[in-house]
file target_29.txt (compact mmCIF, C-alpha atoms)
# COMPACT_ATOMS: atom_id res chain seq x y z
CA LEU A 1 0.00 0.00 0.00
CA PRO A 2 1.25 3.53 -0.70
CA HIS A 3 2.39 5.69 2.17
CA VAL A 4 -0.18 8.37 2.97
CA GLU A 5 0.37 11.44 5.12
CA TRP A 6 -2.98 11.62 6.90
CA SER A 7 -4.15 15.12 7.73
CA TRP A 8 -7.39 16.97 8.29
CA PRO A 9 -7.27 18.78 4.90
CA LEU A 10 -6.82 15.40 3.19
CA LEU A 11 -9.80 13.96 5.07
CA GLN A 12 -11.89 16.98 4.08
CA LYS A 13 -11.19 16.14 0.44
CA LEU A 14 -11.75 12.40 0.79
CA LEU A 15 -14.90 12.28 2.93
CA PRO A 16 -17.27 14.01 0.45
CA ILE A 17 -16.03 11.73 -2.34
CA ALA A 18 -16.37 8.65 -0.15
CA PHE A 19 -19.88 9.66 0.90
CA ALA A 20 -20.91 10.24 -2.73
CA CYS A 21 -19.56 6.80 -3.66
CA PHE A 22 -21.45 5.28 -0.75
CA VAL A 23 -24.74 6.88 -1.80
CA VAL A 24 -24.32 5.89 -5.44
CA ILE A 25 -23.37 2.29 -4.60
CA LEU A 26 -26.21 1.91 -2.12
CA ALA A 27 -28.90 3.42 -4.33
CA GLN A 28 -27.82 2.01 -7.69
CA SER A 29 -27.14 -1.48 -6.41
CA ALA A 30 -30.40 -1.74 -4.48
CA ALA A 31 -32.44 -0.32 -7.36
CA THR A 32 -30.79 -2.60 -9.93
CA SER A 33 -31.21 -5.73 -7.82
CA ARG A 34 -34.82 -4.89 -7.02
CA ALA A 35 -35.68 -4.15 -10.66
CA TYR A 36 -34.27 -7.38 -12.05
CA ALA A 37 -35.62 -9.46 -9.18
CA ALA A 38 -39.08 -8.10 -9.94
CA LYS A 39 -38.57 -8.70 -13.65
CA TYR A 40 -37.94 -12.41 -13.14
CA SER A 41 -40.04 -12.87 -9.96
CA ASP A 42 -36.98 -13.78 -7.91
CA ARG A 43 -36.54 -13.28 -4.19
CA PHE A 44 -34.40 -10.31 -3.24
CA ASP A 45 -32.58 -9.55 0.02
CA GLU A 46 -30.93 -6.14 0.15
CA ASN A 47 -28.91 -7.10 3.22
CA VAL A 48 -27.18 -9.93 1.37
CA ASP A 49 -26.32 -7.58 -1.49
CA MET A 50 -24.98 -4.93 0.87
CA VAL A 51 -22.79 -7.44 2.71
CA GLY A 52 -21.40 -8.70 -0.60
CA LEU A 53 -20.72 -5.19 -1.86
CA GLY A 54 -19.14 -4.23 1.45
CA MET A 55 -16.76 -7.19 1.38
CA ALA A 56 -15.92 -6.53 -2.27
CA ASN A 57 -15.15 -2.87 -1.59
CA LEU A 58 -13.08 -3.83 1.44
CA GLY A 59 -10.99 -6.05 -0.81
CA ALA A 60 -10.82 -3.29 -3.42
CA GLY A 61 -9.51 -0.87 -0.83
CA PHE A 62 -6.69 -3.19 0.22
CA SER A 63 -5.78 -4.13 -3.35
CA GLY A 64 -5.90 -0.63 -4.84
CA THR A 65 -8.63 -1.38 -7.40
CA PHE A 66 -11.76 0.52 -8.39
CA ILE A 67 -14.77 0.59 -6.11
CA VAL A 68 -17.30 -2.20 -6.64
CA ASN A 69 -20.85 -1.30 -7.57
CA GLY A 70 -23.98 -3.10 -8.71
CA SER A 71 -23.78 -1.44 -12.11
CA PRO A 72 -27.08 -1.04 -13.99
CA THR A 73 -25.32 -1.00 -17.37
CA ASN A 74 -23.26 -4.13 -16.71
CA THR A 75 -26.33 -5.89 -15.33
CA ALA A 76 -28.29 -4.95 -18.45
CA MET A 77 -25.48 -6.28 -20.66
CA VAL A 78 -25.39 -9.61 -18.82
CA ASP A 79 -29.17 -9.84 -18.90
CA GLY A 80 -29.24 -9.01 -22.59
CA GLY A 81 -26.67 -11.74 -23.21
CA GLY A 82 -28.90 -14.30 -21.54
CA GLY A 83 -27.06 -14.57 -18.23
CA ARG A 84 -29.28 -16.07 -15.52
CA SER A 85 -26.85 -17.54 -12.99
CA GLN A 86 -23.44 -17.07 -11.39
CA VAL A 87 -21.90 -18.89 -14.35
CA ALA A 88 -22.33 -15.65 -16.30
CA GLN A 89 -20.33 -13.77 -13.65
CA LEU A 90 -17.55 -16.34 -13.65
CA THR A 91 -17.41 -16.27 -17.44
CA THR A 92 -17.20 -12.48 -17.36
CA CYS A 93 -14.33 -12.65 -14.88
CA VAL A 94 -12.41 -15.03 -17.14
CA LEU A 95 -12.98 -12.84 -20.19
CA VAL A 96 -11.91 -9.70 -18.35
CA LEU A 97 -8.76 -11.47 -17.18
CA LEU A 98 -7.94 -12.55 -20.73
CA VAL A 99 -8.51 -9.03 -22.03
CA LEU A 100 -6.25 -7.57 -19.35
CA LEU A 101 -3.50 -10.07 -20.14
CA PHE A 102 -3.56 -10.11 -23.94
CA LEU A 103 -5.80 -7.39 -25.43
CA THR A 104 -4.95 -4.18 -23.60
CA GLY A 105 -2.71 -3.09 -26.48
CA PRO A 106 -5.35 -3.22 -29.23
CA LEU A 107 -8.02 -1.76 -26.94
CA ALA A 108 -5.80 1.21 -26.17
CA HIS A 109 -6.48 2.51 -29.68
CA LEU A 110 -10.27 2.15 -29.35
CA PRO A 111 -11.82 5.64 -29.58
CA THR A 112 -13.54 6.94 -26.48
CA ALA A 113 -16.62 7.65 -28.58
CA VAL A 114 -17.01 3.93 -29.28
CA LEU A 115 -16.93 3.10 -25.58
CA SER A 116 -19.40 5.90 -24.90
CA SER A 117 -21.77 4.62 -27.56
CA ILE A 118 -21.74 1.14 -26.01
CA VAL A 119 -22.68 2.55 -22.62
CA PHE A 120 -25.26 4.84 -24.24
CA LEU A 121 -26.98 2.00 -26.09
CA VAL A 122 -27.14 -0.07 -22.92
CA ALA A 123 -28.58 2.88 -21.00
CA VAL A 124 -31.21 3.55 -23.68
CA LYS A 125 -32.54 0.02 -23.27
CA MET A 126 -33.04 0.71 -19.56
CA ILE A 127 -35.46 3.59 -20.20
CA ASP A 128 -38.92 2.27 -19.38
CA ILE A 129 -41.40 4.52 -21.18
CA GLN A 130 -44.32 2.22 -20.43
CA GLY A 131 -43.40 2.21 -16.76
CA MET A 132 -43.26 6.01 -16.67
CA ARG A 133 -46.64 6.20 -18.38
CA ARG A 134 -48.11 3.82 -15.82
CA ILE A 135 -46.68 5.87 -12.95
CA PHE A 136 -48.12 9.03 -14.52
CA LEU A 137 -51.59 7.50 -14.65
CA GLU A 138 -51.54 5.85 -11.22
CA ALA A 139 -49.33 8.06 -9.00
CA ARG A 140 -48.88 11.56 -10.39
CA ALA A 141 -46.65 12.83 -7.57
CA GLU A 142 -44.27 9.88 -7.90
CA PHE A 143 -44.12 10.46 -11.65
CA TRP A 144 -42.76 13.97 -11.13
CA VAL A 145 -40.22 12.66 -8.64
CA ALA A 146 -39.04 10.08 -11.19
CA LEU A 147 -38.96 12.62 -14.02
CA LEU A 148 -37.02 15.24 -12.05
CA THR A 149 -34.60 12.56 -10.89
CA ALA A 150 -33.99 11.37 -14.45
CA VAL A 151 -33.41 14.92 -15.70
CA THR A 152 -31.02 15.64 -12.83
CA VAL A 153 -29.04 12.47 -13.50
CA VAL A 154 -28.63 13.40 -17.17
CA VAL A 155 -27.93 17.12 -16.70
CA VAL A 156 -26.06 17.24 -13.36
CA GLY A 157 -24.91 13.80 -12.24
CA VAL A 158 -25.87 10.46 -10.78
CA GLU A 159 -25.18 11.21 -7.12
CA GLN A 160 -27.02 14.53 -7.31
CA GLY A 161 -29.99 12.81 -8.92
CA ILE A 162 -30.08 10.13 -6.26
CA LEU A 163 -29.89 12.68 -3.45
CA LEU A 164 -32.67 14.71 -5.08
CA ALA A 165 -34.83 11.59 -5.37
CA MET A 166 -34.31 10.83 -1.68
CA VAL A 167 -35.23 14.37 -0.64
CA LEU A 168 -38.29 14.55 -2.90
CA SER A 169 -39.50 11.13 -1.75
CA LEU A 170 -39.21 12.17 1.89
CA LEU A 171 -41.09 15.40 1.20
CA ASP A 172 -43.81 13.46 -0.60
CA HIS A 173 -44.07 11.09 2.36
CA VAL A 174 -44.41 14.02 4.77
CA ARG A 175 -47.03 15.57 2.48
CA ARG A 176 -49.12 12.41 2.57
CA GLY A 177 -49.06 12.22 6.35
CA TYR A 178 -49.45 15.96 6.94
CA ARG A 179 -53.17 16.05 6.16
CA GLY A 180 -54.52 12.54 6.47
CA ASN A 181 -57.94 11.47 5.25
CA ASN A 182 -59.39 10.71 8.68
CA SER A 183 -62.99 9.75 9.33
CA ILE A 184 -65.62 8.68 11.84
CA ILE A 185 -66.72 5.09 12.46
CA ALA A 186 -70.46 5.14 13.09
CA ALA A 187 -73.18 2.60 13.75
CA ASP A 188 -75.11 1.27 10.75
CA LYS A 189 -78.46 0.04 12.01
CA ARG A 190 -79.70 -1.08 8.62
CA HIS A 191 -76.92 -3.66 8.24
CA LYS A 192 -76.27 -4.15 11.95
CA GLY A 193 -72.65 -3.14 11.62
CA TRP A 194 -70.42 -0.12 11.28
CA LEU A 195 -69.51 2.26 8.51
CA THR A 196 -67.14 5.16 7.98
CA VAL A 197 -68.51 8.66 7.53
CA PRO A 198 -66.75 12.01 6.99
CA LEU A 199 -65.68 14.12 9.93
CA SER A 200 -68.40 16.55 8.95
CA GLU A 201 -70.93 13.90 10.08
CA PRO A 202 -69.80 13.09 13.64
CA ARG A 203 -72.28 10.28 14.35
CA GLN A 204 -71.79 8.34 17.55
CA ILE A 205 -71.11 4.63 17.34
CA ALA A 206 -72.96 4.18 20.63
CA PRO A 207 -74.82 6.68 22.82
CA GLY A 208 -72.17 9.03 24.20
CA LEU A 209 -69.31 7.23 22.40
CA LEU A 210 -67.58 8.58 19.28
CA ALA A 211 -65.03 6.57 17.25
CA TYR A 212 -62.37 8.60 15.42
CA TRP A 213 -60.26 6.85 12.76
CA PHE A 214 -56.78 8.37 12.41
CA THR A 215 -54.99 7.02 9.33
CA ASN A 216 -51.30 7.91 9.82
CA ASN A 217 -48.45 7.81 12.27
CA LEU A 218 -48.57 10.65 14.76
CA TYR A 219 -45.67 13.06 14.39
CA TYR A 220 -44.90 16.76 14.45
CA ALA A 221 -46.38 17.44 11.00
CA ASN A 222 -49.88 16.08 11.69
CA ALA A 223 -50.10 16.44 15.48
CA GLY A 224 -51.90 19.74 15.01
CA GLN A 225 -54.45 18.12 12.71
CA PHE A 226 -55.14 15.38 15.27
CA ALA A 227 -55.69 17.88 18.09
CA GLU A 228 -57.77 20.17 15.90
CA GLU A 229 -60.09 17.41 14.71
CA VAL A 230 -60.47 15.74 18.12
CA LEU A 231 -61.27 18.99 19.91
CA ARG A 232 -63.68 19.99 17.15
CA LEU A 233 -65.49 16.67 17.52
CA ALA A 234 -65.65 17.19 21.27
CA ARG A 235 -67.45 20.51 20.76
CA VAL A 236 -70.17 19.05 18.54
CA LYS A 237 -73.57 19.18 20.23
CA GLY A 238 -75.59 16.02 19.63
CA GLU A 239 -78.75 14.53 21.04
CA VAL A 240 -76.58 12.57 23.46
CA PRO A 241 -73.69 14.39 25.16
CA LEU A 242 -70.30 12.99 24.24
CA ARG A 243 -68.74 11.15 27.15
CA CYS A 244 -66.00 9.07 25.51
CA LEU A 245 -63.90 9.53 22.37
CA CYS A 246 -62.21 6.42 21.01
CA VAL A 247 -59.26 6.69 18.63
CA GLN A 248 -59.01 3.81 16.16
CA ALA A 249 -55.22 3.46 16.33
CA ALA A 250 -54.63 0.52 13.97
CA ALA A 251 -52.83 2.80 11.51
CA ILE A 252 -50.71 4.53 14.15
CA GLY A 253 -47.37 2.78 14.29
CA ASP A 254 -45.24 5.54 15.77
CA VAL A 255 -45.60 8.65 17.94
CA ASP A 256 -42.83 11.22 18.13
CA PHE A 257 -42.03 13.62 20.98
CA SER A 258 -44.12 16.51 19.64
CA ALA A 259 -47.15 14.29 19.10
CA ALA A 260 -46.79 12.84 22.61
CA ALA A 261 -46.84 16.34 24.10
CA MET A 262 -49.93 17.11 22.01
CA LEU A 263 -51.68 13.96 23.28
CA ARG A 264 -51.03 14.95 26.90
CA ASP A 265 -52.51 18.42 26.34
CA THR A 266 -55.46 17.08 24.35
CA CYS A 267 -56.27 14.50 27.02
CA LYS A 268 -56.33 17.20 29.69
CA LEU A 269 -58.59 19.43 27.58
CA LEU A 270 -61.01 16.56 26.98
CA GLU A 271 -60.94 15.59 30.63
CA ALA A 272 -61.89 19.15 31.56
CA GLN A 273 -65.00 18.69 29.38
CA GLY A 274 -65.86 15.37 31.01
CA ILE A 275 -64.79 13.33 27.97
CA ALA A 276 -62.58 10.26 28.29
CA LEU A 277 -59.98 9.50 25.60
CA VAL A 278 -59.38 5.82 24.82
CA PHE A 279 -57.54 3.89 22.10
CA ALA A 280 -58.49 0.77 20.16
CA HIS A 281 -56.16 -1.53 18.20
CA ALA A 282 -53.02 0.00 19.72
CA SER A 283 -50.10 -2.26 18.81
CA PRO A 284 -47.60 -3.48 21.44
CA ALA A 285 -44.95 -1.19 19.95
CA LEU A 286 -47.31 1.77 20.27
CA ARG A 287 -48.13 0.82 23.85
CA GLU A 288 -44.42 0.78 24.65
CA GLN A 289 -44.07 4.29 23.26
CA PHE A 290 -47.04 5.46 25.31
CA ASP A 291 -45.39 4.00 28.41
CA ARG A 292 -42.10 5.72 27.63
CA TYR A 293 -43.74 9.10 27.09
CA GLY A 294 -45.82 8.75 30.25
CA LEU A 295 -49.06 8.77 28.25
CA THR A 296 -50.30 5.54 29.82
CA ALA A 297 -50.22 7.21 33.22
CA VAL A 298 -52.11 10.21 31.86
CA LEU A 299 -54.75 8.20 29.98
CA GLY A 300 -55.01 5.35 32.45
CA ALA A 301 -54.06 1.71 31.96
CA ASP A 302 -57.70 0.85 31.18
CA ALA A 303 -57.82 3.27 28.24
CA PHE A 304 -56.53 0.68 25.76
CA TYR A 305 -58.66 -1.96 24.06
CA GLY A 306 -57.84 -4.73 21.65
CA SER A 307 -60.63 -3.83 19.25
CA LEU A 308 -63.29 -1.24 18.62
CA ARG A 309 -65.95 -3.82 19.38
CA ALA A 310 -64.41 -4.29 22.83
CA VAL A 311 -64.70 -0.54 23.41
CA VAL A 312 -68.38 -0.54 22.41
CA GLU A 313 -69.18 -3.55 24.57
CA ALA A 314 -67.35 -2.07 27.56
CA TRP A 315 -69.14 1.24 27.08
CA GLU A 316 -72.54 -0.44 26.94
CA HIS A 317 -71.86 -1.95 30.37
CA VAL A 318 -70.92 1.37 31.99
CA PRO A 319 -73.54 1.90 34.73
CA ASP A 320 -74.22 5.57 34.00
CA ALA A 321 -73.81 5.42 30.20
CA PRO A 322 -76.49 7.28 28.22
CA GLU A 323 -79.37 5.14 27.04
CA ALA A 324 -80.72 7.27 24.22
CA THR A 325 -79.76 6.27 20.70
CA PRO A 326 -78.75 8.95 18.20
CA PRO A 327 -80.35 8.92 14.75
CA ASN A 328 -78.63 6.92 12.04
CA SER A 329 -78.76 8.59 8.62
CA PRO A 330 -77.89 6.65 5.46
CA GLY A 331 -74.61 6.88 3.59
CA GLY A 332 -70.98 6.08 4.26
CA THR A 333 -68.55 3.28 3.60
CA SER A 334 -68.47 -0.06 5.36
CA ALA A 335 -65.88 -0.36 8.12
CA VAL A 336 -64.48 -3.44 9.78
call {"tool": "encode", "arguments": {"input": "target_29.txt", "output": "structure tokens"}}
result
Amino acid sequence: LPHVEWSWPLLQKLLPIAFACFVVILAQSAATSRAYAAKYSDRFDENVDMVGLGMANLGAGFSGTFIVNGSPTNTAMVDGGGGRSQVAQLTTCVLVLLVLLFLTGPLAHLPTAVLSSIVFLVAVKMIDIQGMRRIFLEARAEFWVALLTAVTVVVVGVEQGILLAMVLSLLDHVRRGYRGNNSIIAADKRHKGWLTVPLSEPRQIAPGLLAYWFTNNLYYANAGQFAEEVLRLARVKGEVPLRCLCVQAAAIGDVDFSAAAMLRDTCKLLEAQGIALVFAHASPALREQFDRYGLTAVLGADAFYGSLRAVVEAWEHVPDAPEATPPNSPGGTSAV
């Protein structure tokens, strides 16, 4: 290995390059493996690929060779040549070794334009127009992410395009969870079951009991929406005063610090109005988070139920629960 004078200025030059290589290898290799696994309905384990690439790059570092990457162009060439097993990789290794030993002289005179055209033709075959059209029709936001990423890769560079795709995907994810399509689960007397209705129709699932269906994880971006909708539902005047508000928490897999603080404040505001806050379908992981944030102590250990039906049955056996039944207007979507 060459002797290197390690210094902070040298590290400042190397770290950005190393990080860019890491991002490109991670994103390109995972995307290539996933794409071809889906194409041939094969099983795909990213962890196995990452371990293999890590070991290969470790060997490359000690031997002074190029970094190892799951190259989309090389994969397309092998696939186009009919390679379907590791025999293709071994054959490629043998051919590369023969070229390095005996054909480097003739290849030295090969124009760069010829090499570029080979890579270009392989890349053109990887452009999936039908796939882009399908994304445009089915998921418009994801289409724009894919299009902007492709343009950035062509105009600026691969690593910049990958980083842009990561940022845009995260923003799109936050956008989806920021204003969730929440609803109310109400009683359906005609079919002796339940149905979902809009928040604008806050119908009680049982006298004095309202079921609120929240459809996302609870975090800083949508904590305000949760509090706003819950408190607005608590202020609705119905034929039967609201005594208990149940949150259908099947879709809530995580609660961050800001959302936990919001839940504490919301619980106190509801308690001041004589309304209990309970949760149905809270997963064990969610219960652990509630314990860690101290929410279980605030809500009470008996505020968690395994199902919405269990909440309704428990509420019907409350001694001083209201007996009047609110009207049940038609409309809505069936809920389980």
call {"tool": "closest_residue", "arguments": {"input": "target_29.txt", "among": "A:Met50, A:Leu103, A:Ala250, A:Ala108", "to": "Pro284 in chain A", "atoms": "all atoms listed in the file"}}
result
A:Ala250
call {"tool": "residues_around", "arguments": {"input": "target_29.txt", "residues": "range 262-278 of chain A", "least_positions_apart": "5", "cutoff": "8 Å", "atoms": "only C-alpha atoms", "output": "number ranges by chain"}}
result
A: 223-224, 227, 231, 234, 242-247, 295, 298-299, 303-305
call {"tool": "closest_residue", "arguments": {"input": "target_29.txt", "among": "A:Val255, A:Leu199, A:Ala211, A:Val122", "to": "Ala280 in chain A", "atoms": "only C-alpha atoms"}}
result
A:Ala211
call {"tool": "atom_distance", "arguments": {"input": "target_29.txt", "atom1": "CA of Gly238 in chain A", "atom2": "CA of Gly180 in chain A"}}
result
25.1 Å
call {"tool": "atom_distance", "arguments": {"input": "target_29.txt", "atom1": "CA of Glu138 in chain A", "atom2": "CA of Leu168 in chain A"}}
result
17.9 Å
call {"tool": "residues_around", "arguments": {"input": "target_29.txt", "residues": "Asp45 in chain A", "least_positions_apart": "5", "cutoff": "10 Å", "atoms": "all atoms listed in the file", "output": "list in words"}}
result
Ala30, Ser33, Arg34, Ala37 and Met50 of chain A
call {"tool": "closest_residue", "arguments": {"input": "target_29.txt", "among": "A:Ala297, A:Ala165, A:Val311, A:Val51", "to": "Gln248 in chain A", "atoms": "all atoms listed in the file"}}
result
A:Val311
call {"tool": "residues_around", "arguments": {"input": "target_29.txt", "residues": "range 119-121 of chain A", "least_positions_apart": "4", "cutoff": "8 Å", "atoms": "all atoms listed in the file", "output": "list of chain:residue names"}}
result
A:Thr73, A:Leu115, A:Lys125
call {"tool": "atom_distance", "arguments": {"input": "target_29.txt", "atom1": "CA of Leu95 in chain A", "atom2": "CA of Asn74 in chain A"}}
result
13.9 Å
call {"tool": "build_atoms", "arguments": {"input": "target_29.txt", "residues": "range 16-31 of chain A", "atoms": "N, CA and C atoms", "output": "compact mmCIF listing (two decimals), keeping the file's coordinate frame"}}
result
# COMPACT_ATOMS: atom_id res chain seq x y z
N PRO A 16 -16.14 13.78 1.38
CA PRO A 16 -17.27 14.01 0.45
C PRO A 16 -17.28 13.02 -0.71
N ILE A 17 -16.09 12.69 -1.24
CA ILE A 17 -16.03 11.73 -2.34
C ILE A 17 -16.47 10.35 -1.86
N ALA A 18 -16.00 9.96 -0.68
CA ALA A 18 -16.37 8.65 -0.15
C ALA A 18 -17.87 8.57 0.12
N PHE A 19 -18.44 9.66 0.63
CA PHE A 19 -19.88 9.66 0.90
C PHE A 19 -20.67 9.58 -0.41
N ALA A 20 -20.22 10.30 -1.43
CA ALA A 20 -20.91 10.24 -2.73
C ALA A 20 -20.84 8.83 -3.30
N CYS A 21 -19.68 8.19 -3.18
CA CYS A 21 -19.56 6.80 -3.66
C CYS A 21 -20.49 5.88 -2.89
N PHE A 22 -20.57 6.11 -1.58
CA PHE A 22 -21.45 5.28 -0.75
C PHE A 22 -22.91 5.41 -1.18
N VAL A 23 -23.35 6.65 -1.41
CA VAL A 23 -24.74 6.88 -1.80
C VAL A 23 -25.03 6.25 -3.15
N VAL A 24 -24.11 6.43 -4.10
CA VAL A 24 -24.32 5.89 -5.44
C VAL A 24 -24.36 4.36 -5.40
N ILE A 25 -23.41 3.76 -4.69
CA ILE A 25 -23.37 2.29 -4.60
C ILE A 25 -24.64 1.76 -3.95
N LEU A 26 -25.03 2.37 -2.84
CA LEU A 26 -26.21 1.91 -2.12
C LEU A 26 -27.47 2.02 -2.97
N ALA A 27 -27.67 3.19 -3.58
CA ALA A 27 -28.90 3.42 -4.33
C ALA A 27 -28.92 2.63 -5.64
N GLN A 28 -27.84 2.70 -6.40
CA GLN A 28 -27.82 2.01 -7.69
C GLN A 28 -27.91 0.50 -7.52
N SER A 29 -27.15 -0.03 -6.58
CA SER A 29 -27.14 -1.48 -6.41
C SER A 29 -28.50 -1.99 -5.96
N ALA A 30 -29.09 -1.30 -4.98
CA ALA A 30 -30.40 -1.74 -4.48
C ALA A 30 -31.46 -1.62 -5.57
N ALA A 31 -31.44 -0.51 -6.31
CA ALA A 31 -32.44 -0.32 -7.36
C ALA A 31 -32.28 -1.35 -8.48
